[in-house]
>>> print(open('coords_34.cif').read())   # mmCIF, C-alpha atoms
data_final
loop_
_atom_site.label_atom_id
_atom_site.label_comp_id
_atom_site.auth_asym_id
_atom_site.auth_seq_id
_atom_site.Cartn_x
_atom_site.Cartn_y
_atom_site.Cartn_z
CA MET A 46 -2.44 24.18 -7.60
CA ALA A 47 -1.96 27.77 -6.45
CA GLU A 48 -1.42 29.73 -3.27
CA SER A 49 -4.40 31.68 -1.90
CA ASP A 50 -4.97 35.29 -2.95
CA LYS A 51 -4.88 36.29 0.72
CA VAL A 52 -1.30 35.10 1.03
CA ILE A 53 -0.23 36.53 -2.32
CA ASN A 54 -1.73 39.92 -1.47
CA ALA A 55 0.18 39.93 1.82
CA VAL A 56 3.44 39.26 -0.02
CA MET A 57 2.70 41.95 -2.60
CA LYS A 58 1.95 44.47 0.17
CA ALA A 59 5.14 43.63 2.06
CA THR A 60 7.48 43.65 -0.95
CA GLY A 61 5.86 45.82 -3.63
CA GLU A 62 6.29 43.02 -6.16
CA SER A 63 3.83 42.31 -8.98
CA TYR A 64 0.98 39.83 -8.67
CA GLU A 65 2.57 37.55 -11.27
CA LYS A 66 5.96 37.43 -9.56
CA ALA A 67 4.48 37.01 -6.07
CA THR A 68 2.17 34.23 -7.30
CA LYS A 69 5.03 32.29 -8.87
CA LEU A 70 7.23 32.52 -5.80
CA CYS A 71 4.45 31.72 -3.29
CA THR A 72 3.21 28.73 -5.28
CA VAL A 73 6.69 27.29 -5.72
CA ALA A 74 7.55 27.91 -2.05
CA HIS A 75 4.43 26.02 -1.00
CA GLU A 76 5.26 23.15 -3.34
CA VAL A 77 8.83 22.98 -2.00
CA VAL A 78 7.67 22.88 1.62
CA ASP A 79 5.05 20.24 0.76
CA GLU A 80 7.74 18.08 -0.82
CA CYS A 81 9.99 18.45 2.22
CA VAL A 82 7.25 17.70 4.75
CA THR A 83 5.94 14.69 2.83
CA ASP A 84 9.49 13.41 2.38
CA ASP A 85 9.86 13.57 6.18
CA ILE A 86 12.18 16.60 6.27
CA SER A 87 11.49 19.04 9.11
CA VAL A 88 11.18 22.67 8.02
CA VAL A 89 12.76 25.17 10.42
CA ALA A 90 12.18 28.59 8.84
CA PRO A 91 10.45 30.60 11.56
CA PRO A 92 7.68 31.48 11.83
CA LEU A 93 7.07 28.34 9.77
CA VAL A 94 8.28 25.32 11.74
CA ILE A 95 6.97 21.93 10.64
CA GLY A 96 8.19 18.57 11.84
CA ARG A 97 6.92 15.19 12.94
CA LEU A 98 6.16 14.86 16.64
CA GLY A 99 8.91 12.86 18.28
CA CYS A 100 11.58 13.73 15.70
CA PRO A 101 14.73 13.57 17.87
CA VAL A 102 16.53 16.35 15.99
CA LEU A 103 13.63 18.80 16.17
CA ASP A 104 12.98 17.83 19.79
CA ARG A 105 16.62 18.51 20.71
CA LEU A 106 16.50 21.83 18.87
CA LEU A 107 13.46 23.00 20.84
CA LEU A 108 14.88 21.64 24.09
CA ARG A 109 18.18 23.50 23.70
CA LEU A 110 16.41 26.73 22.81
CA GLY A 111 14.17 26.38 25.83
CA ASP A 112 17.04 26.72 28.31
CA GLY A 113 17.70 30.31 27.25
CA GLN A 114 21.48 29.84 27.21
CA TRP A 115 21.82 28.66 23.64
CA GLN A 116 21.04 30.17 20.27
CA LEU A 117 20.25 28.55 16.97
CA PRO A 118 22.91 29.02 14.31
CA GLU A 119 22.02 31.60 11.66
CA SER A 120 20.51 28.77 9.63
CA VAL A 121 19.96 25.05 10.05
CA ASP A 122 21.22 24.74 6.48
CA VAL A 123 24.67 23.66 7.60
CA THR A 124 26.52 20.39 7.20
CA GLU A 125 25.29 17.38 9.14
CA ALA A 126 28.51 17.42 11.16
CA GLU A 127 28.04 21.08 12.12
CA LEU A 128 24.41 20.59 13.11
CA ALA A 129 25.30 17.46 15.10
CA GLU A 130 27.91 19.50 16.97
CA HIS A 131 25.45 22.35 17.62
CA LEU A 132 22.80 19.99 18.95
CA LYS A 133 25.13 17.50 20.67
CA LEU A 134 23.61 14.59 18.76
CA PRO A 135 25.21 11.68 16.89
CA ILE A 136 25.74 12.57 13.25
CA GLU A 137 23.83 9.38 12.30
CA THR A 138 20.73 10.78 14.00
CA VAL A 139 21.02 14.12 12.24
CA ALA A 140 21.44 12.34 8.90
CA ARG A 141 18.36 10.17 9.50
CA TYR A 142 16.12 13.10 10.45
CA PRO A 143 17.08 16.00 8.16
CA LEU A 144 16.13 19.66 8.59
CA ILE A 145 15.83 22.47 6.05
CA GLY A 146 15.78 26.22 6.76
CA ARG A 147 15.07 29.42 4.87
CA TRP A 148 18.34 29.32 2.89
CA GLY A 149 17.61 25.79 1.74
CA LEU A 150 14.05 26.74 0.80
CA LEU A 151 15.31 29.78 -1.10
CA ALA A 152 17.85 27.70 -3.02
CA ARG A 153 15.20 25.17 -4.07
CA CYS A 154 12.76 27.91 -5.11
CA MET A 155 15.40 29.72 -7.16
CA ASP A 156 16.47 26.51 -8.82
CA ARG A 157 12.90 25.64 -9.78
CA LEU A 158 12.21 29.16 -11.09
CA MET A 159 15.66 29.36 -12.75
CA ILE A 160 16.48 32.60 -10.91
CA ARG A 161 19.92 34.16 -11.24
CA ASP A 162 22.11 34.39 -8.13
CA GLU A 163 22.21 38.19 -8.38
CA ASP A 164 18.43 38.26 -7.82
CA ALA A 165 18.62 36.21 -4.62
CA GLU A 166 18.03 39.18 -2.29
CA GLN A 167 14.81 40.12 -4.08
CA TYR A 168 13.47 36.58 -3.85
CA LEU A 169 14.58 36.17 -0.25
CA ALA A 170 12.44 39.20 0.62
CA MET A 171 9.44 37.57 -1.03
CA LEU A 172 10.14 34.24 0.66
CA ASP A 173 10.40 35.94 4.04
CA ALA A 174 7.12 37.74 3.40
CA TRP A 175 5.51 34.40 2.51
CA LEU A 176 6.90 32.77 5.65
CA ALA A 177 5.60 35.70 7.73
CA THR A 178 2.02 34.80 6.76
CA PHE A 179 2.38 31.74 9.01
CA GLY A 180 3.20 33.79 12.10
CA SER A 181 1.37 33.44 15.41
CA ASP A 182 -1.86 35.26 16.15
CA ALA A 183 -2.57 37.38 19.26
CA GLU A 184 -3.03 34.20 21.32
CA GLY A 185 0.29 32.76 20.19
CA LYS A 186 -1.26 30.16 17.90
CA PRO A 187 0.58 29.75 14.59
CA SER A 188 -1.28 30.08 11.31
CA PRO A 189 -2.01 26.61 9.93
CA TYR A 190 0.05 25.31 7.06
CA PRO A 191 -2.07 23.23 4.62
CA VAL A 192 -0.26 20.49 2.69
CA TRP A 193 -1.84 20.28 -0.76
CA SER A 194 -3.57 16.95 -1.34
CA LEU A 195 -2.90 14.35 -4.03
CA PRO A 196 -5.36 12.44 -6.26
CA ASN A 197 -6.71 9.18 -4.86
CA ARG A 198 -4.72 5.97 -4.68
CA ASP A 199 -6.40 4.46 -7.76
CA ALA A 200 -5.09 7.35 -9.85
CA PHE A 201 -1.63 6.86 -8.37
CA GLU A 202 -1.70 3.11 -8.99
CA GLY A 203 -2.49 3.64 -12.65
CA TRP A 204 0.29 6.23 -12.88
CA LEU A 205 2.80 3.86 -11.28
CA LEU A 206 1.95 0.83 -13.39
CA ALA A 207 2.46 2.90 -16.53
CA ARG A 208 5.91 3.90 -15.24
CA LEU A 209 7.50 0.84 -13.66
CA ASP A 210 10.82 2.07 -15.01
CA ILE A 211 10.75 4.58 -12.12
CA LEU A 212 10.85 1.69 -9.66
CA HIS A 213 13.66 0.12 -11.67
CA LYS A 214 15.74 3.31 -11.36
CA LEU A 215 15.10 3.37 -7.60
CA GLY A 216 16.47 -0.15 -7.15
CA TYR A 217 13.30 -2.23 -7.61
CA PRO A 218 13.55 -4.09 -10.95
CA VAL A 219 10.04 -5.56 -10.90
CA ARG A 220 7.10 -6.42 -13.11
CA LEU A 221 3.45 -6.78 -12.20
CA ALA A 222 2.56 -10.38 -11.36
CA ASN A 223 -0.02 -12.09 -13.55
CA GLU A 224 -2.04 -15.30 -13.53
CA GLU A 225 -0.39 -16.81 -16.60
CA MET A 226 3.18 -16.58 -15.31
CA ASP A 227 2.68 -16.48 -11.55
CA GLY A 228 -0.72 -17.93 -10.79
CA VAL A 229 -1.94 -14.73 -9.12
CA ARG A 230 -3.44 -11.41 -10.09
CA GLY A 231 -0.99 -8.56 -9.69
CA GLN A 232 -3.72 -6.11 -8.72
CA GLN A 233 -6.06 -6.77 -5.80
CA HIS A 234 -5.02 -10.39 -5.23
CA MET A 235 -7.40 -11.84 -2.63
CA PHE A 236 -6.07 -13.88 0.27
CA VAL A 237 -8.04 -16.60 2.05
CA ASP A 238 -9.30 -14.18 4.72
CA GLY A 239 -10.80 -11.88 2.07
CA ARG A 240 -8.01 -9.32 2.39
CA ARG A 241 -6.67 -7.83 -0.86
CA ALA A 242 -3.12 -6.71 -1.65
CA ASP A 243 -2.77 -3.48 -3.59
CA LEU A 244 -0.03 -4.80 -5.88
CA LEU A 245 1.97 -8.02 -6.15
CA MET A 246 5.18 -7.80 -8.17
CA ARG A 247 8.05 -10.10 -9.10
CA PHE A 248 11.70 -9.11 -9.26
CA THR A 249 13.05 -9.62 -12.77
CA GLN A 250 16.74 -9.70 -11.82
CA ASP A 251 19.03 -9.93 -8.83
CA CYS A 252 19.52 -6.61 -7.05
CA GLU A 253 20.71 -5.25 -3.72
CA ILE A 254 17.47 -6.02 -1.89
CA ALA A 255 16.19 -9.18 -3.57
CA ALA A 256 16.87 -12.02 -5.97
CA ALA A 257 15.25 -12.59 -9.33
CA SER A 258 11.74 -14.12 -8.96
CA ASP A 259 11.34 -12.84 -5.38
CA TRP A 260 8.00 -11.20 -4.59
CA LEU A 261 7.32 -7.56 -3.71
CA VAL A 262 4.05 -6.73 -1.96
CA VAL A 263 3.22 -3.04 -2.46
CA GLU A 264 0.85 -1.07 -0.23
CA ASN A 265 0.21 2.43 -1.58
CA LYS A 266 -1.38 5.45 0.08
CA THR A 267 -1.65 9.03 -1.18
CA THR A 268 -1.87 10.47 2.35
CA ALA A 269 0.41 10.58 5.34
CA VAL A 270 -0.07 7.33 7.23
CA GLY A 271 0.00 5.87 10.71
CA ILE A 272 0.56 2.37 12.06
CA GLY A 273 -2.53 0.99 10.32
CA ALA A 274 -0.75 1.16 6.96
CA LEU A 275 2.14 -0.90 8.30
CA ASP A 276 -0.32 -3.44 9.70
CA GLN A 277 -1.99 -3.79 6.31
CA LEU A 278 1.32 -4.31 4.54
CA ALA A 279 2.54 -6.78 7.16
CA LEU A 280 -0.62 -8.87 6.93
CA SER A 281 -0.41 -9.01 3.13
CA VAL A 282 3.25 -10.05 3.30
CA ASP A 283 2.49 -12.72 5.91
CA TRP A 284 -0.45 -14.12 3.93
CA LEU A 285 1.61 -14.32 0.73
CA ARG A 286 4.38 -16.09 2.62
CA ALA A 287 1.78 -18.51 3.95
CA GLU A 288 0.84 -19.38 0.37
CA ALA A 289 4.33 -20.93 0.10
CA ARG A 290 5.06 -19.65 -3.37
CA GLN A 291 8.58 -19.93 -4.76
CA GLY A 292 10.80 -16.97 -3.85
CA LYS A 293 11.15 -14.73 -0.81
CA VAL A 294 8.50 -12.10 -0.08
CA HIS A 295 9.44 -8.46 0.52
CA GLY A 296 7.25 -5.51 1.48
CA LEU A 297 7.15 -1.95 0.13
CA LEU A 298 5.03 0.91 1.47
CA ILE A 299 4.51 3.95 -0.75
CA ALA A 300 2.89 6.89 1.03
CA ASP A 301 2.84 10.68 1.37
CA GLY A 302 4.65 10.78 4.71
CA LEU A 303 4.96 8.56 7.79
CA SER A 304 4.60 8.72 11.52
CA LEU A 305 7.80 7.90 13.39
CA GLU A 306 6.09 4.76 14.70
CA VAL A 307 5.64 3.50 11.15
CA GLU A 308 9.20 4.40 10.19
CA ARG A 309 10.58 2.37 13.07
CA GLY A 310 8.19 -0.51 12.37
CA LEU A 311 9.34 -0.68 8.76
CA ARG A 312 12.95 -1.00 9.91
CA GLU A 313 12.04 -3.74 12.38
CA ARG A 314 10.24 -5.76 9.68
CA ALA A 315 12.95 -5.01 7.06
CA PHE A 316 10.27 -3.52 4.81
CA HIS A 317 11.00 -0.74 2.34
CA TYR A 318 9.50 2.73 1.89
CA LEU A 319 9.18 5.27 -0.89
CA SER A 320 7.53 8.66 -0.48
CA MET A 321 5.25 10.26 -3.05
CA THR A 322 7.86 12.99 -3.30
CA GLY A 323 10.78 10.60 -3.68
CA ILE A 324 9.03 8.58 -6.38
CA GLY A 325 8.25 11.74 -8.35
CA TYR A 326 4.47 11.67 -8.07
CA ARG A 327 4.15 15.03 -6.35
CA LYS A 328 6.22 16.64 -9.10
CA TRP A 329 4.08 15.00 -11.79
CA VAL A 330 0.84 16.18 -10.15
CA ARG A 331 2.28 19.68 -9.78
CA LEU A 332 3.07 19.83 -13.50
CA HIS A 333 -0.16 18.25 -14.74
CA SER A 334 -2.95 19.21 -12.33
CA PRO A 335 -4.13 22.85 -12.03
CA LEU A 336 -6.40 22.02 -9.08
CA THR A 337 -5.94 20.76 -5.53
CA PRO A 338 -7.77 17.40 -5.25
CA GLU A 339 -10.00 16.54 -2.34
CA PRO A 340 -8.04 14.45 0.17
CA ALA A 341 -8.87 10.74 -0.02
CA HIS A 342 -8.46 9.57 3.58
CA ASP A 343 -8.93 6.07 4.93
CA ALA A 344 -8.53 4.44 8.34
CA THR A 345 -4.73 4.44 8.03
CA SER A 346 -4.40 8.16 7.27
CA ILE A 347 -2.97 10.66 9.74
CA ARG A 348 -2.71 14.42 9.67
CA TYR A 349 0.32 15.97 8.08
CA PRO A 350 2.73 17.66 10.51
CA ALA A 351 1.47 21.10 11.51
CA ASN A 352 3.10 24.48 11.99
CA LEU A 353 4.41 24.53 15.56
CA SER A 354 3.79 27.34 18.03
CA SER A 355 7.34 28.34 18.88
CA ARG A 356 7.86 31.97 19.86
CA VAL A 357 11.11 30.92 21.48
CA LEU A 358 12.40 29.51 18.24
CA ALA A 359 11.39 32.56 16.23
CA ALA A 360 13.03 34.88 18.74
CA ALA A 361 16.24 32.86 18.74
CA VAL A 362 16.62 33.15 14.97
CA ARG A 363 16.16 36.92 15.08
#
>>> encode(input="coords_34.cif", output="structure tokens")
Amino acid sequence: MAESDKVINAVMKATGESYEKATKLCTVAHEVVDECVTDDISVVAPPLVIGRLGCPVLDRLLLRLGDGQWQLPESVDVTEAELAEHLKLPIETVARYPLIGRWGLLARCMDRLMIRDEDAEQYLAMLDAWLATFGSDAEGKPSPYPVWSLPNRDAFEGWLLARLDILHKLGYPVRLANEEMDGVRGQQHMFVDGRRADLLMRFTQDCEIAAASDWLVVENKTTAVGIGALDQLALSVDWLRAEARQGKVHGLLIADGLSLEVERGLRERAFHYLSMTGIGYRKWVRLHSPLTPEPAHDATSIRYPANLSSRVLAAAVR
């Protein structure tokens, strides 16, 4: 995966840096923002502002800026308590819907590139030049921010099954169910209505969320998803419960970002969620795939959050 030459040339022109250095910074910056957005972190680094519609923290930020009597702090990269005080929101809300700004993006880029602290100013200039490429046009419309796609869900499923230790480390000590031990296929088990579950797993030991021999129904998507993905998971969980097998049945959705409606629905059903970023798949793809795959959408997919048109926000930060 790599940033476009148009963007890299703009950064080179603005900073005088070499093609190699600009390419490295731009590519890493894009990867960092992708990981934030798909891990449901709003990016507030004007003119790049990306967040899910309905996010209460981002909504409050834009609302407060709109009254003209309040200014954004120099950066949203402050403690949760400080941001809660600035926005007059409960700290629990700020913690649930995190933000990241240009300082946070810079720190992550420098860490990934192993840049020394004394070179921070040079890399901040390049980051700012990269961010500037997402500024508004003459009509006030922001330049689109494309989230780089992931390989299809079959590729992810194979990757996950070869690395179940990742789930163990994240608090899900499970194995793939099988016909010999469990009487069901772990992959694509068919229910009586013809519906198939992506993965059926069994917990191998007691843990915080389940007891040994409980079931885990996994629905996986390599796109951002809407309410349809929750419906699919819920139906699979309900059908497995109806089969009256020994052990409780739990649900896990793995996806590349959620709508707020899905997030709230997961909490209501006491289902679990892991993002493609949080599980490490985006990092693995970044390190092993030189190309950007074609997006593999289905009926549950939704668009990733887009760069918001917010002249007010950009002006406030200046």
>>> residues_around(input="coords_34.cif", residues="Lys66 of chain A", least_positions_apart="4", cutoff="12 Å", atoms="only C-alpha atoms", output="ChimeraX atom specification")
/A:53-54,56-57,60-62,70-73,158,160,167-168,171-172
>>> resolve_selection(input="coords_34.cif", expression="the PyMOL selection byres ((chain A and resi 119-129) around 7)", output="ChimeraX atom specification")
/A:117-118,130-136,139-140,144-146,148-149,362
>>> resolve_selection(input="coords_34.cif", expression="the PyMOL selection byres ((chain A and resi 103-106) around 9)", output="ChimeraX atom specification")
/A:87,89,96-102,107-111,117,132-134,142,144,358
>>> closest_residue(input="coords_34.cif", among="A:His317, A:Pro196, A:Trp260, A:Gln250", to="Leu221 of chain A", atoms="all atoms listed in the file")
A:Trp260
>>> closest_residue(input="coords_34.cif", among="A:Trp193, A:Arg147, A:Ala90, A:Arg198", to="His75 of chain A", atoms="all atoms listed in the file")
A:Trp193
>>> atom_distance(input="coords_34.cif", atom1="atom CA of Cys81 of chain A", atom2="atom CA of Tyr318 of chain A")
15.7 Å
>>> closest_residue(input="coords_34.cif", among="A:Lys266, A:Arg153, A:Arg331, A:Arg220", to="Val77 of chain A", atoms="only C-alpha atoms")
A:Arg153
>>> closest_residue(input="coords_34.cif", among="A:Glu288, A:Thr322, A:Glu76, A:Pro335", to="Arg157 of chain A", atoms="all atoms listed in the file")
A:Glu76
>>> residues_around(input="coords_34.cif", residues="Ile347 of chain A", least_positions_apart="2", cutoff="9 Å", atoms="all atoms listed in the file", output="number ranges by chain")
A: 268-271, 303-304, 342-345, 349
>>> resolve_selection(input="coords_34.cif", expression="the PyMOL selection byres ((chain A and resi 173-185) around 7)", output="list in words")
Val52, Val56, Ala59, Cys71, Pro92, Leu93, Leu169, Ala170, Met171, Leu172, Lys186, Pro187, Ser188, Pro189 and Ser354 of chain A
>>> closest_residue(input="coords_34.cif", among="A:Leu212, A:Val88, A:Met321, A:Ala74", to="Asp156 of chain A", atoms="all atoms listed in the file")
A:Ala74
>>> atom_distance(input="coords_34.cif", atom1="atom CA of Ile211 of chain A", atom2="atom CA of Gly325 of chain A")
8.5 Å
>>> atom_distance(input="coords_34.cif", atom1="atom CA of Leu275 of chain A", atom2="atom CA of Glu308 of chain A")
9.0 Å
